>>> print(open('start_32.txt').read())   # compact mmCIF, C-alpha atoms
# COMPACT_ATOMS: atom_id res chain seq x y z
CA MET I 1 30.20 4.39 -15.75
CA GLU I 2 31.26 4.64 -12.09
CA SER I 3 34.28 2.40 -12.65
CA LEU I 4 35.25 4.43 -15.73
CA LYS I 5 35.17 7.62 -13.65
CA VAL I 6 37.41 6.09 -10.96
CA GLU I 7 39.80 4.78 -13.63
CA LEU I 8 39.85 8.19 -15.29
CA LYS I 9 40.62 10.01 -12.04
CA ALA I 10 43.54 7.65 -11.38
CA LYS I 11 44.90 8.17 -14.91
CA ILE I 12 44.60 11.97 -14.63
CA ILE I 13 46.51 11.93 -11.33
CA GLU I 14 49.22 9.70 -12.81
CA VAL I 15 49.62 11.43 -16.17
CA LEU I 16 49.51 14.98 -14.80
CA ASN I 17 51.72 14.24 -11.75
CA LEU I 18 49.13 15.61 -9.31
CA GLU I 19 51.10 15.07 -6.13
CA ASP I 20 49.15 14.83 -2.88
CA ILE I 21 45.81 14.42 -4.69
CA SER I 22 43.96 11.12 -4.45
CA VAL I 23 41.03 9.68 -6.41
CA GLU I 24 38.77 10.50 -3.46
CA ASP I 25 39.76 14.18 -3.61
CA ILE I 26 38.29 14.65 -7.09
CA ASN I 27 34.52 15.02 -7.28
CA ASP I 28 32.83 13.98 -10.51
CA ASN I 29 31.67 17.52 -11.26
CA ASP I 30 34.72 19.48 -10.04
CA PRO I 31 36.02 21.80 -12.77
CA LEU I 32 39.32 20.43 -14.11
CA PHE I 33 40.61 23.87 -15.11
CA GLY I 34 40.50 27.20 -13.29
CA GLU I 35 39.45 26.92 -9.67
CA GLY I 36 39.05 23.13 -9.64
CA LEU I 37 42.22 21.11 -10.12
CA GLY I 38 43.97 24.16 -11.54
CA LEU I 39 45.18 22.45 -14.70
CA ASP I 40 46.95 24.47 -17.41
CA SER I 41 47.23 24.43 -21.20
CA ILE I 42 49.97 21.77 -21.26
CA ASP I 43 47.77 19.59 -19.05
CA ALA I 44 44.98 20.01 -21.62
CA LEU I 45 47.30 18.63 -24.31
CA GLU I 46 48.20 15.72 -22.04
CA LEU I 47 44.49 14.93 -21.61
CA ILE I 48 44.13 14.81 -25.41
CA VAL I 49 47.02 12.29 -25.51
CA LEU I 50 45.38 10.34 -22.65
CA LEU I 51 42.16 9.96 -24.69
CA ASP I 52 44.11 8.74 -27.72
CA LYS I 53 46.46 6.38 -25.88
CA ASN I 54 43.97 4.76 -23.52
CA TYR I 55 40.66 4.91 -25.36
CA GLY I 56 41.60 5.28 -29.05
CA ILE I 57 39.83 8.63 -29.32
CA LYS I 58 41.49 11.26 -31.52
CA LEU I 59 40.36 14.84 -30.96
CA THR I 60 40.80 16.48 -34.33
CA ASP I 61 39.68 19.92 -33.17
CA PRO I 62 41.26 21.03 -29.85
CA LYS I 63 38.37 23.49 -29.43
CA ASP I 64 36.14 20.50 -28.65
CA GLY I 65 38.21 20.00 -25.51
CA LYS I 66 36.58 22.91 -23.71
CA ALA I 67 33.28 21.05 -23.37
CA ILE I 68 34.77 17.57 -23.01
CA PHE I 69 37.29 18.51 -20.32
CA GLN I 70 34.92 20.43 -18.07
CA SER I 71 34.94 17.69 -15.44
CA VAL I 72 35.50 13.99 -14.92
CA GLU I 73 31.75 13.57 -15.48
CA THR I 74 31.86 15.15 -18.96
CA MET I 75 35.06 13.32 -19.89
CA ALA I 76 33.67 9.96 -18.85
CA ALA I 77 30.44 10.54 -20.80
CA PHE I 78 32.45 11.46 -23.90
CA ILE I 79 34.72 8.41 -23.55
CA ALA I 80 31.78 6.05 -23.02
CA ALA I 81 30.15 7.34 -26.21
CA ASN I 82 33.27 7.42 -28.41
CA ARG I 83 35.82 4.88 -27.15
CA LYS I 84 37.41 2.51 -29.65
CA LYS I 85 39.31 0.45 -27.09
CA MET P 1 81.67 53.98 -4.40
CA ASN P 2 82.22 50.32 -3.65
CA THR P 3 82.48 48.43 -6.95
CA GLU P 4 83.12 45.05 -5.30
CA ASN P 5 80.45 42.37 -5.51
CA TYR P 6 79.86 39.62 -3.00
CA ILE P 7 78.50 36.09 -2.78
CA SER P 8 75.63 36.51 -0.34
CA LYS P 9 74.40 32.91 -0.20
CA TYR P 10 75.25 29.62 -1.88
CA CYS P 11 73.75 26.16 -2.11
CA GLN P 12 75.06 22.86 -3.41
CA ILE P 13 73.17 19.65 -4.09
CA GLU P 14 74.95 16.42 -5.00
CA ASN P 15 75.19 12.83 -3.77
CA ASN P 16 71.72 13.14 -2.20
CA THR P 17 72.93 15.90 0.10
CA VAL P 18 72.04 19.61 0.39
CA PHE P 19 74.63 22.10 1.60
CA VAL P 20 73.70 25.71 2.34
CA ASN P 21 76.57 28.17 2.87
CA GLY P 22 78.82 25.14 3.32
CA GLU P 23 76.70 23.53 6.01
CA LYS P 24 75.06 20.16 5.44
CA LEU P 25 71.35 20.71 6.06
CA PHE P 26 69.74 17.66 4.46
CA GLU P 27 70.75 14.18 3.40
CA LEU P 28 68.79 11.17 2.21
CA LYS P 29 70.91 8.23 1.13
CA ASP P 30 69.96 5.03 -0.71
CA VAL P 31 67.13 6.51 -2.79
CA GLY P 32 66.96 7.66 -6.42
CA PHE P 33 67.02 11.31 -7.43
CA SER P 34 63.21 11.65 -7.71
CA GLU P 35 62.66 10.49 -4.15
CA PHE P 36 65.56 12.54 -2.82
CA ILE P 37 64.55 15.82 -4.46
CA LYS P 38 60.90 15.40 -3.43
CA ASN P 39 62.00 15.00 0.18
CA ALA P 40 64.36 17.99 -0.09
CA TYR P 41 61.45 20.05 -1.44
CA LYS P 42 59.40 19.10 1.61
CA GLU P 43 62.30 19.52 4.06
CA PHE P 44 62.83 23.14 2.99
CA GLU P 45 59.06 23.80 3.12
CA ILE P 46 58.80 24.86 -0.49
CA GLU P 47 55.20 25.18 -1.64
CA TYR P 48 54.82 25.19 -5.40
CA PRO P 49 52.63 22.40 -6.86
CA LYS P 50 54.05 22.92 -10.36
CA PHE P 51 57.33 21.50 -9.00
CA PHE P 52 55.91 17.99 -9.36
CA LYS P 53 55.39 18.48 -13.09
CA MET P 54 58.98 19.57 -13.77
CA ASP P 55 61.67 17.41 -15.34
CA ASN P 56 64.68 16.38 -13.26
CA LEU P 57 66.95 19.22 -14.41
CA SER P 58 64.30 21.81 -13.53
CA LYS P 59 63.59 20.16 -10.18
CA LEU P 60 67.30 20.29 -9.32
CA ALA P 61 67.72 23.91 -10.44
CA PHE P 62 64.44 24.96 -8.82
CA VAL P 63 65.11 23.49 -5.35
CA THR P 64 68.73 24.73 -5.28
CA SER P 65 67.60 28.24 -6.27
CA GLU P 66 64.55 28.24 -4.04
CA ILE P 67 66.65 27.54 -0.96
CA ILE P 68 68.57 30.75 -1.77
CA LEU P 69 65.73 32.94 -3.02
CA LYS P 70 62.95 32.14 -0.56
CA ASP P 71 64.42 34.51 2.04
CA VAL P 72 65.62 37.07 -0.49
CA CYS P 73 62.71 37.67 -2.86
CA GLU P 74 59.80 39.87 -1.92
CA LYS P 75 56.49 38.10 -2.46
CA ASP P 76 54.00 39.49 -4.97
CA GLN P 77 56.39 42.04 -6.40
CA GLU P 78 58.97 42.14 -9.15
CA ASN P 79 62.49 41.24 -8.03
CA ASP P 80 65.51 42.63 -9.89
CA ILE P 81 67.58 39.44 -10.01
CA ALA P 82 69.19 38.15 -13.21
CA ILE P 83 69.94 34.45 -13.71
CA VAL P 84 73.05 33.01 -15.38
CA PHE P 85 73.25 29.23 -15.37
CA ALA P 86 75.33 26.65 -17.19
CA ASN P 87 75.77 22.92 -17.46
CA GLN P 88 77.41 20.21 -19.55
CA SER P 89 74.53 18.01 -20.71
CA SER P 90 71.98 20.68 -21.63
CA SER P 91 68.52 19.04 -21.46
CA LEU P 92 69.78 15.71 -22.82
CA ASP P 93 68.24 13.68 -19.99
CA THR P 94 64.75 14.82 -21.00
CA ASP P 95 65.59 14.83 -24.73
CA VAL P 96 66.32 11.09 -24.49
CA LYS P 97 63.03 10.46 -22.65
CA TYR P 98 61.13 12.36 -25.30
CA GLN P 99 62.91 10.53 -28.12
CA ASN P 100 61.96 7.20 -26.51
CA SER P 101 58.30 8.27 -26.51
CA ILE P 102 58.33 8.78 -30.29
CA GLN P 103 60.70 5.96 -31.24
CA ASP P 104 58.02 3.35 -31.90
CA LYS P 105 55.70 4.24 -34.78
CA GLU P 106 53.18 1.66 -33.57
CA ASN P 107 53.10 3.22 -30.11
CA TYR P 108 53.53 6.89 -30.96
CA PHE P 109 52.30 9.09 -28.12
CA PRO P 110 54.58 12.11 -27.72
CA SER P 111 54.03 13.79 -24.37
CA PRO P 112 53.55 17.58 -24.49
CA ALA P 113 54.50 17.79 -20.80
CA VAL P 114 57.86 16.10 -21.54
CA PHE P 115 58.43 18.05 -24.76
CA VAL P 116 58.27 21.46 -23.02
CA TYR P 117 61.37 20.53 -21.01
CA THR P 118 63.53 19.69 -24.03
CA LEU P 119 65.45 22.96 -23.65
CA PRO P 120 67.86 23.61 -20.75
CA ASN P 121 66.76 27.20 -20.12
CA ILE P 122 63.25 26.08 -19.16
CA CYS P 123 64.57 25.65 -15.61
CA VAL P 124 65.47 29.35 -15.61
CA GLY P 125 61.91 30.10 -16.71
CA GLU P 126 60.48 28.07 -13.83
CA ILE P 127 62.50 30.09 -11.29
CA SER P 128 61.61 33.37 -13.01
CA ILE P 129 57.89 32.58 -12.99
CA LYS P 130 57.94 31.66 -9.31
CA HIS P 131 59.63 34.92 -8.29
CA GLN P 132 58.35 37.23 -11.02
CA LEU P 133 61.86 37.82 -12.35
CA LYS P 134 61.73 39.77 -15.60
CA SER P 135 65.42 40.61 -15.69
CA GLU P 136 68.07 39.19 -18.01
CA ASN P 137 68.69 35.47 -18.01
CA ALA P 138 70.99 33.13 -19.85
CA PHE P 139 71.81 29.43 -19.92
CA PHE P 140 75.16 28.30 -21.33
CA VAL P 141 76.40 24.83 -22.20
CA PHE P 142 80.07 24.32 -21.33
CA GLU P 143 82.30 21.26 -21.02
CA ASN P 144 83.03 22.28 -17.42
CA PHE P 145 82.02 25.04 -15.01
CA ASN P 146 83.55 28.12 -16.61
CA THR P 147 84.22 30.26 -13.57
CA LYS P 148 85.87 33.14 -15.42
CA PHE P 149 83.04 33.51 -17.93
CA ILE P 150 80.23 33.35 -15.37
CA THR P 151 82.03 35.72 -12.98
CA ASN P 152 82.62 38.32 -15.69
CA TYR P 153 79.06 37.98 -16.94
CA ALA P 154 77.59 38.51 -13.46
CA ASN P 155 79.85 41.49 -12.73
CA GLN P 156 78.95 43.10 -16.04
CA LEU P 157 75.22 42.72 -15.40
CA ILE P 158 75.53 44.50 -12.06
CA LYS P 159 77.98 47.13 -13.34
CA SER P 160 75.74 48.01 -16.27
CA ARG P 161 72.74 48.12 -13.89
CA LYS P 162 70.89 45.40 -15.77
CA ALA P 163 70.19 43.80 -12.39
CA GLU P 164 70.76 44.43 -8.69
CA SER P 165 71.73 40.81 -8.04
CA VAL P 166 72.61 37.79 -10.16
CA LEU P 167 71.78 34.18 -9.39
CA CYS P 168 74.63 32.18 -10.91
CA GLY P 169 75.35 28.53 -11.07
CA TRP P 170 76.01 25.12 -12.49
CA VAL P 171 73.03 22.76 -12.72
CA GLU P 172 73.95 19.45 -14.32
CA PHE P 173 71.72 16.40 -14.62
CA TYR P 174 72.06 13.37 -16.88
CA GLN P 175 70.81 9.86 -16.16
CA GLU P 176 70.78 10.18 -12.36
CA LYS P 177 74.23 11.82 -12.23
CA TYR P 178 73.82 15.35 -10.99
CA LYS P 179 75.44 18.33 -9.32
CA SER P 180 74.12 21.79 -8.65
CA PHE P 181 76.00 24.76 -7.29
CA VAL P 182 74.06 28.01 -7.20
CA TYR P 183 75.05 31.30 -5.59
CA LEU P 184 73.67 34.80 -5.36
CA VAL P 185 75.93 37.70 -6.32
CA SER P 186 75.01 41.09 -4.89
CA LYS P 187 76.40 44.22 -3.27
CA ASP P 188 76.56 42.66 0.20
CA GLY P 189 77.51 39.25 1.37
CA LEU P 190 79.69 36.62 2.93
CA LEU P 191 82.58 36.38 0.50
CA PHE P 192 84.14 38.47 -2.25
CA HIS P 193 82.78 37.51 -5.65
CA ASN P 194 85.93 36.37 -7.42
CA GLU P 195 87.10 33.30 -9.34
CA LYS P 196 89.21 31.96 -6.49
CA ASN P 197 86.34 31.93 -3.99
CA ILE P 198 83.90 30.47 -6.51
CA ASN P 199 86.30 27.68 -7.50
CA THR P 200 86.92 26.89 -3.85
CA LEU P 201 83.19 26.63 -3.12
CA TYR P 202 82.45 24.68 -6.32
CA ASN P 203 85.11 22.06 -5.60
CA LYS P 204 84.26 21.57 -1.93
>>> encode(input="start_32.txt", output="structure tokens")
Amino acid sequence: MESLKVELKAKIIEVLNLEDISVEDINDNDPLFGEGLGLDSIDALELIVLLDKNYGIKLTDPKDGKAIFQSVETMAAFIAANRKK
Amino acid sequence: MNTENYISKYCQIENNTVFVNGEKLFELKDVGFSEFIKNAYKEFEIEYPKFFKMDNLSKLAFVTSEIILKDVCEKDQENDIAIVFANQSSSLDTDVKYQNSIQDKENYFPSPAVFVYTLPNICVGEISIKHQLKSENAFFVFENFNTKFITNYANQLIKSRKAESVLCGWVEFYQEKYKSFVYLVSKDGLLFHNEKNINTLYNK
């Protein structure tokens, strides 16, 4: 689980072009949206693509994203339970 | 009443060099556009994290405009500046990237972050958001920089009191070939706002 979280942080930084942010800067429970990393709605769509492309997980209802994308911790738990690759 | 308009500030970026009011202020040779524009962003102390998410056309238009507007716009209040931009290749550079991402049906992962930049006027939106500009804006696609059209358009906007100032320019980017020339037209300034002066500055 720890390695998945590190991998996920690196992918989020790469996919969302988070300049000047490193893996070490993101805490497992930091909120991804709002006051945390300050991601926006387009970033949320990119995270949905990230799940599909890297882990074979298709989110059919975008509303599910609110709970899944709370933090790296919640994302990693969801991926671990649902990944197809 | 003085009906003459002026060019109050102008900025050009091409060949990995930034000129402000004709003076070379930054140069970084032997690197690609991404590296160059990131360093220009830092050199001019622009602070706007969303910059890093922009496509190349928006990065070019944003940095060129920001160099002009950062000392002109009042922070945290609406600024009455219209924007009239043009280029030759529209958003084709990003359109091609997006097309490549959906070309392969077996590897079909269209990027929403790339898709949102598949219109040229998005760069105008980025500048407007940064400076809370709610005035008129337009983006035209011409074969070449149409000085007469842009000059008339800017003059008409000021004459009809649609805006106090107009940020005009040419922002072209396609496959690493680029040129930006942006200038602010207002009631005071360095040079008369006329076709001759604009053509001279554009071709320098």
>>> axis_aligned_box(input="start_32.txt", around="segment 146-162 of chain P", padding_each_side="3 Å", output="lines of an AutoDock Vina configuration file")
center_x = 78.4
center_y = 38.1
center_z = -15.0
size_x = 21.0
size_y = 26.0
size_z = 11.9
>>> interface_residues(input="start_32.txt", of="chain P", to="chain I", cutoff="10 Å", atoms="only C-alpha atoms", output="PyMOL selection string")
chain P and resi 49-54+107-116
>>> write_last_selection(input="start_32.txt", atoms="C-alpha atoms", output="PDB file, in the coordinates of the input")
ATOM      1  CA  PRO P  49      52.630  22.400  -6.860  1.00  0.00           C
ATOM      2  CA  LYS P  50      54.050  22.920 -10.360  1.00  0.00           C
ATOM      3  CA  PHE P  51      57.330  21.500  -9.000  1.00  0.00           C
ATOM      4  CA  PHE P  52      55.910  17.990  -9.360  1.00  0.00           C
ATOM      5  CA  LYS P  53      55.390  18.480 -13.090  1.00  0.00           C
ATOM      6  CA  MET P  54      58.980  19.570 -13.770  1.00  0.00           C
ATOM      7  CA  ASN P 107      53.100   3.220 -30.110  1.00  0.00           C
ATOM      8  CA  TYR P 108      53.530   6.890 -30.960  1.00  0.00           C
ATOM      9  CA  PHE P 109      52.300   9.090 -28.120  1.00  0.00           C
ATOM     10  CA  PRO P 110      54.580  12.110 -27.720  1.00  0.00           C
ATOM     11  CA  SER P 111      54.030  13.790 -24.370  1.00  0.00           C
ATOM     12  CA  PRO P 112      53.550  17.580 -24.490  1.00  0.00           C
ATOM     13  CA  ALA P 113      54.500  17.790 -20.800  1.00  0.00           C
ATOM     14  CA  VAL P 114      57.860  16.100 -21.540  1.00  0.00           C
ATOM     15  CA  PHE P 115      58.430  18.050 -24.760  1.00  0.00           C
ATOM     16  CA  VAL P 116      58.270  21.460 -23.020  1.00  0.00           C
TER      17      VAL P 116
END
>>> residues_around(input="start_32.txt", residues="Asn56 of chain P", least_positions_apart="2", cutoff="10 Å", atoms="only C-alpha atoms", output="CSV table (one decimal) with C-alpha atoms, in the frame of the given file")
chain,number,residue,atom,x,y,z
P,33,PHE,CA,67.0,11.3,-7.4
P,34,SER,CA,63.2,11.6,-7.7
P,37,ILE,CA,64.6,15.8,-4.5
P,51,PHE,CA,57.3,21.5,-9.0
P,52,PHE,CA,55.9,18.0,-9.4
P,53,LYS,CA,55.4,18.5,-13.1
P,54,MET,CA,59.0,19.6,-13.8
P,58,SER,CA,64.3,21.8,-13.5
P,59,LYS,CA,63.6,20.2,-10.2
P,60,LEU,CA,67.3,20.3,-9.3
P,61,ALA,CA,67.7,23.9,-10.4
P,62,PHE,CA,64.4,25.0,-8.8
P,91,SER,CA,68.5,19.0,-21.5
P,93,ASP,CA,68.2,13.7,-20.0
P,94,THR,CA,64.8,14.8,-21.0
P,117,TYR,CA,61.4,20.5,-21.0
P,123,CYS,CA,64.6,25.6,-15.6
P,172,GLU,CA,74.0,19.4,-14.3
P,173,PHE,CA,71.7,16.4,-14.6
P,174,TYR,CA,72.1,13.4,-16.9
P,175,GLN,CA,70.8,9.9,-16.2
P,176,GLU,CA,70.8,10.2,-12.4
P,178,TYR,CA,73.8,15.4,-11.0
>>> atom_distance(input="start_32.txt", atom1="atom CA of Ser180 of chain P", atom2="atom CA of Asn5 of chain P")
21.8 Å
>>> residues_around(input="start_32.txt", residues="Ile7 of chain P", least_positions_apart="2", cutoff="10 Å", atoms="all atoms listed in the file", output="list of chain:residue names")
P:Asn5, P:Lys9, P:Tyr10, P:Asn21, P:Ser165, P:Val166, P:Leu167, P:Cys168, P:Tyr183, P:Leu184, P:Val185, P:Ser186, P:Lys187, P:Asp188, P:Gly189, P:Leu190, P:Leu191, P:Phe192, P:His193, P:Asn194, P:Asn197, P:Ile198
>>> closest_residue(input="start_32.txt", among="P:Val96, P:Ile81, P:Leu25, P:Leu69", to="Thr118 of chain P", atoms="all atoms listed in the file")
P:Val96
>>> residues_near_point(input="start_32.txt", point="(34.3, 10.5, -11.3)", cutoff="9 Å", atoms="only C-alpha atoms", output="count of residues only")
18
>>> closest_residue(input="start_32.txt", among="P:Glu27, P:Lys196, P:His131, P:Asn15", to="Lys148 of chain P", atoms="all atoms listed in the file")
P:Lys196
>>> residues_around(input="start_32.txt", residues="Ala82 of chain P", least_positions_apart="5", cutoff="9 Å", atoms="all atoms listed in the file", output="PyMOL selection string")
chain P and resi 128+133-138+154+157+162-168
>>> atom_distance(input="start_32.txt", atom1="atom CA of Ile13 of chain P", atom2="atom CA of Phe181 of chain P")
6.7 Å
>>> atom_distance(input="start_32.txt", atom1="atom CA of Glu126 of chain P", atom2="atom CA of Val18 of chain P")
20.2 Å
>>> residues_around(input="start_32.txt", residues="Asn82 of chain I", least_positions_apart="3", cutoff="7 Å", atoms="only C-alpha atoms", output="PyMOL selection string")
chain I and resi 57+78-79
>>> write_last_selection(input="start_32.txt", atoms="C-alpha atoms", output="PDB file, in the frame of the given file")
ATOM      1  CA  ILE I  57      39.830   8.630 -29.320  1.00  0.00           C
ATOM      2  CA  PHE I  78      32.450  11.460 -23.900  1.00  0.00           C
ATOM      3  CA  ILE I  79      34.720   8.410 -23.550  1.00  0.00           C
TER       4      ILE I  79
END
>>> build_atoms(input="start_32.txt", residues="segment 77-87 of chain P", atoms="all heavy atoms", output="PDB file, in the frame of the given file")
ATOM      1  N   GLN P  77      55.853  40.856  -5.713  1.00  0.00           N
ATOM      2  CA  GLN P  77      56.390  42.040  -6.400  1.00  0.00           C
ATOM      3  C   GLN P  77      57.590  41.629  -7.249  1.00  0.00           C
ATOM      4  O   GLN P  77      58.199  40.585  -7.016  1.00  0.00           O
ATOM      5  CB  GLN P  77      56.760  43.145  -5.416  1.00  0.00           C
ATOM      6  CG  GLN P  77      58.001  42.870  -4.596  1.00  0.00           C
ATOM      7  CD  GLN P  77      58.330  44.062  -3.700  1.00  0.00           C
ATOM      8  OE1 GLN P  77      57.500  44.528  -2.932  1.00  0.00           O
ATOM      9  NE2 GLN P  77      59.548  44.557  -3.806  1.00  0.00           N
ATOM     10  N   GLU P  78      57.894  42.471  -8.236  1.00  0.00           N
ATOM     11  CA  GLU P  78      58.970  42.140  -9.150  1.00  0.00           C
ATOM     12  C   GLU P  78      60.318  42.215  -8.426  1.00  0.00           C
ATOM     13  O   GLU P  78      60.550  43.139  -7.637  1.00  0.00           O
ATOM     14  CB  GLU P  78      58.942  43.124 -10.317  1.00  0.00           C
ATOM     15  CG  GLU P  78      59.698  42.631 -11.521  1.00  0.00           C
ATOM     16  CD  GLU P  78      59.494  43.549 -12.720  1.00  0.00           C
ATOM     17  OE1 GLU P  78      58.391  44.116 -12.862  1.00  0.00           O
ATOM     18  OE2 GLU P  78      60.445  43.691 -13.486  1.00  0.00           O
ATOM     19  N   ASN P  79      61.172  41.250  -8.648  1.00  0.00           N
ATOM     20  CA  ASN P  79      62.490  41.240  -8.030  1.00  0.00           C
ATOM     21  C   ASN P  79      63.558  41.395  -9.115  1.00  0.00           C
ATOM     22  O   ASN P  79      63.503  40.708 -10.132  1.00  0.00           O
ATOM     23  CB  ASN P  79      62.697  39.919  -7.276  1.00  0.00           C
ATOM     24  CG  ASN P  79      61.797  39.810  -6.061  1.00  0.00           C
ATOM     25  OD1 ASN P  79      62.049  40.400  -5.032  1.00  0.00           O
ATOM     26  ND2 ASN P  79      60.700  39.058  -6.190  1.00  0.00           N
ATOM     27  N   ASP P  80      64.506  42.290  -8.870  1.00  0.00           N
ATOM     28  CA  ASP P  80      65.510  42.630  -9.890  1.00  0.00           C
ATOM     29  C   ASP P  80      66.729  41.707  -9.785  1.00  0.00           C
ATOM     30  O   ASP P  80      67.806  42.126  -9.390  1.00  0.00           O
ATOM     31  CB  ASP P  80      65.906  44.103  -9.722  1.00  0.00           C
ATOM     32  CG  ASP P  80      66.720  44.600 -10.905  1.00  0.00           C
ATOM     33  OD1 ASP P  80      66.735  43.907 -11.943  1.00  0.00           O
ATOM     34  OD2 ASP P  80      67.346  45.657 -10.779  1.00  0.00           O
ATOM     35  N   ILE P  81      66.507  40.445 -10.091  1.00  0.00           N
ATOM     36  CA  ILE P  81      67.580  39.440 -10.010  1.00  0.00           C
ATOM     37  C   ILE P  81      67.726  38.760 -11.375  1.00  0.00           C
ATOM     38  O   ILE P  81      66.753  38.197 -11.898  1.00  0.00           O
ATOM     39  CB  ILE P  81      67.252  38.370  -8.944  1.00  0.00           C
ATOM     40  CG1 ILE P  81      67.064  39.029  -7.577  1.00  0.00           C
ATOM     41  CG2 ILE P  81      68.342  37.309  -8.890  1.00  0.00           C
ATOM     42  CD1 ILE P  81      66.532  38.087  -6.507  1.00  0.00           C
ATOM     43  N   ALA P  82      68.921  38.844 -11.941  1.00  0.00           N
ATOM     44  CA  ALA P  82      69.190  38.150 -13.210  1.00  0.00           C
ATOM     45  C   ALA P  82      69.604  36.703 -12.901  1.00  0.00           C
ATOM     46  O   ALA P  82      69.971  36.387 -11.761  1.00  0.00           O
ATOM     47  CB  ALA P  82      70.289  38.863 -13.963  1.00  0.00           C
ATOM     48  N   ILE P  83      69.528  35.846 -13.905  1.00  0.00           N
ATOM     49  CA  ILE P  83      69.940  34.450 -13.710  1.00  0.00           C
ATOM     50  C   ILE P  83      70.924  34.057 -14.820  1.00  0.00           C
ATOM     51  O   ILE P  83      70.643  34.266 -16.009  1.00  0.00           O
ATOM     52  CB  ILE P  83      68.738  33.481 -13.745  1.00  0.00           C
ATOM     53  CG1 ILE P  83      67.707  33.852 -12.677  1.00  0.00           C
ATOM     54  CG2 ILE P  83      69.207  32.036 -13.538  1.00  0.00           C
ATOM     55  CD1 ILE P  83      66.462  32.966 -12.678  1.00  0.00           C
ATOM     56  N   VAL P  84      72.068  33.506 -14.410  1.00  0.00           N
ATOM     57  CA  VAL P  84      73.050  33.010 -15.380  1.00  0.00           C
ATOM     58  C   VAL P  84      73.455  31.604 -14.954  1.00  0.00           C
ATOM     59  O   VAL P  84      74.145  31.409 -13.953  1.00  0.00           O
ATOM     60  CB  VAL P  84      74.308  33.910 -15.438  1.00  0.00           C
ATOM     61  CG1 VAL P  84      75.271  33.393 -16.507  1.00  0.00           C
ATOM     62  CG2 VAL P  84      73.933  35.357 -15.729  1.00  0.00           C
ATOM     63  N   PHE P  85      72.968  30.630 -15.689  1.00  0.00           N
ATOM     64  CA  PHE P  85      73.250  29.230 -15.370  1.00  0.00           C
ATOM     65  C   PHE P  85      74.034  28.568 -16.492  1.00  0.00           C
ATOM     66  O   PHE P  85      74.057  29.065 -17.624  1.00  0.00           O
ATOM     67  CB  PHE P  85      71.936  28.445 -15.183  1.00  0.00           C
ATOM     68  CG  PHE P  85      71.288  28.631 -13.830  1.00  0.00           C
ATOM     69  CD1 PHE P  85      70.077  28.008 -13.544  1.00  0.00           C
ATOM     70  CD2 PHE P  85      71.860  29.423 -12.850  1.00  0.00           C
ATOM     71  CE1 PHE P  85      69.453  28.172 -12.312  1.00  0.00           C
ATOM     72  CE2 PHE P  85      71.258  29.582 -11.609  1.00  0.00           C
ATOM     73  CZ  PHE P  85      70.055  28.958 -11.347  1.00  0.00           C
ATOM     74  N   ALA P  86      74.616  27.429 -16.179  1.00  0.00           N
ATOM     75  CA  ALA P  86      75.330  26.650 -17.190  1.00  0.00           C
ATOM     76  C   ALA P  86      75.312  25.185 -16.789  1.00  0.00           C
ATOM     77  O   ALA P  86      75.090  24.858 -15.619  1.00  0.00           O
ATOM     78  CB  ALA P  86      76.770  27.140 -17.320  1.00  0.00           C
ATOM     79  N   ASN P  87      75.534  24.326 -17.768  1.00  0.00           N
ATOM     80  CA  ASN P  87      75.770  22.920 -17.460  1.00  0.00           C
ATOM     81  C   ASN P  87      76.464  22.239 -18.634  1.00  0.00           C
ATOM     82  O   ASN P  87      76.791  22.895 -19.643  1.00  0.00           O
ATOM     83  CB  ASN P  87      74.485  22.203 -17.039  1.00  0.00           C
ATOM     84  CG  ASN P  87      73.568  21.838 -18.196  1.00  0.00           C
ATOM     85  OD1 ASN P  87      73.867  22.111 -19.359  1.00  0.00           O
ATOM     86  ND2 ASN P  87      72.444  21.215 -17.884  1.00  0.00           N
TER      87      ASN P  87
END
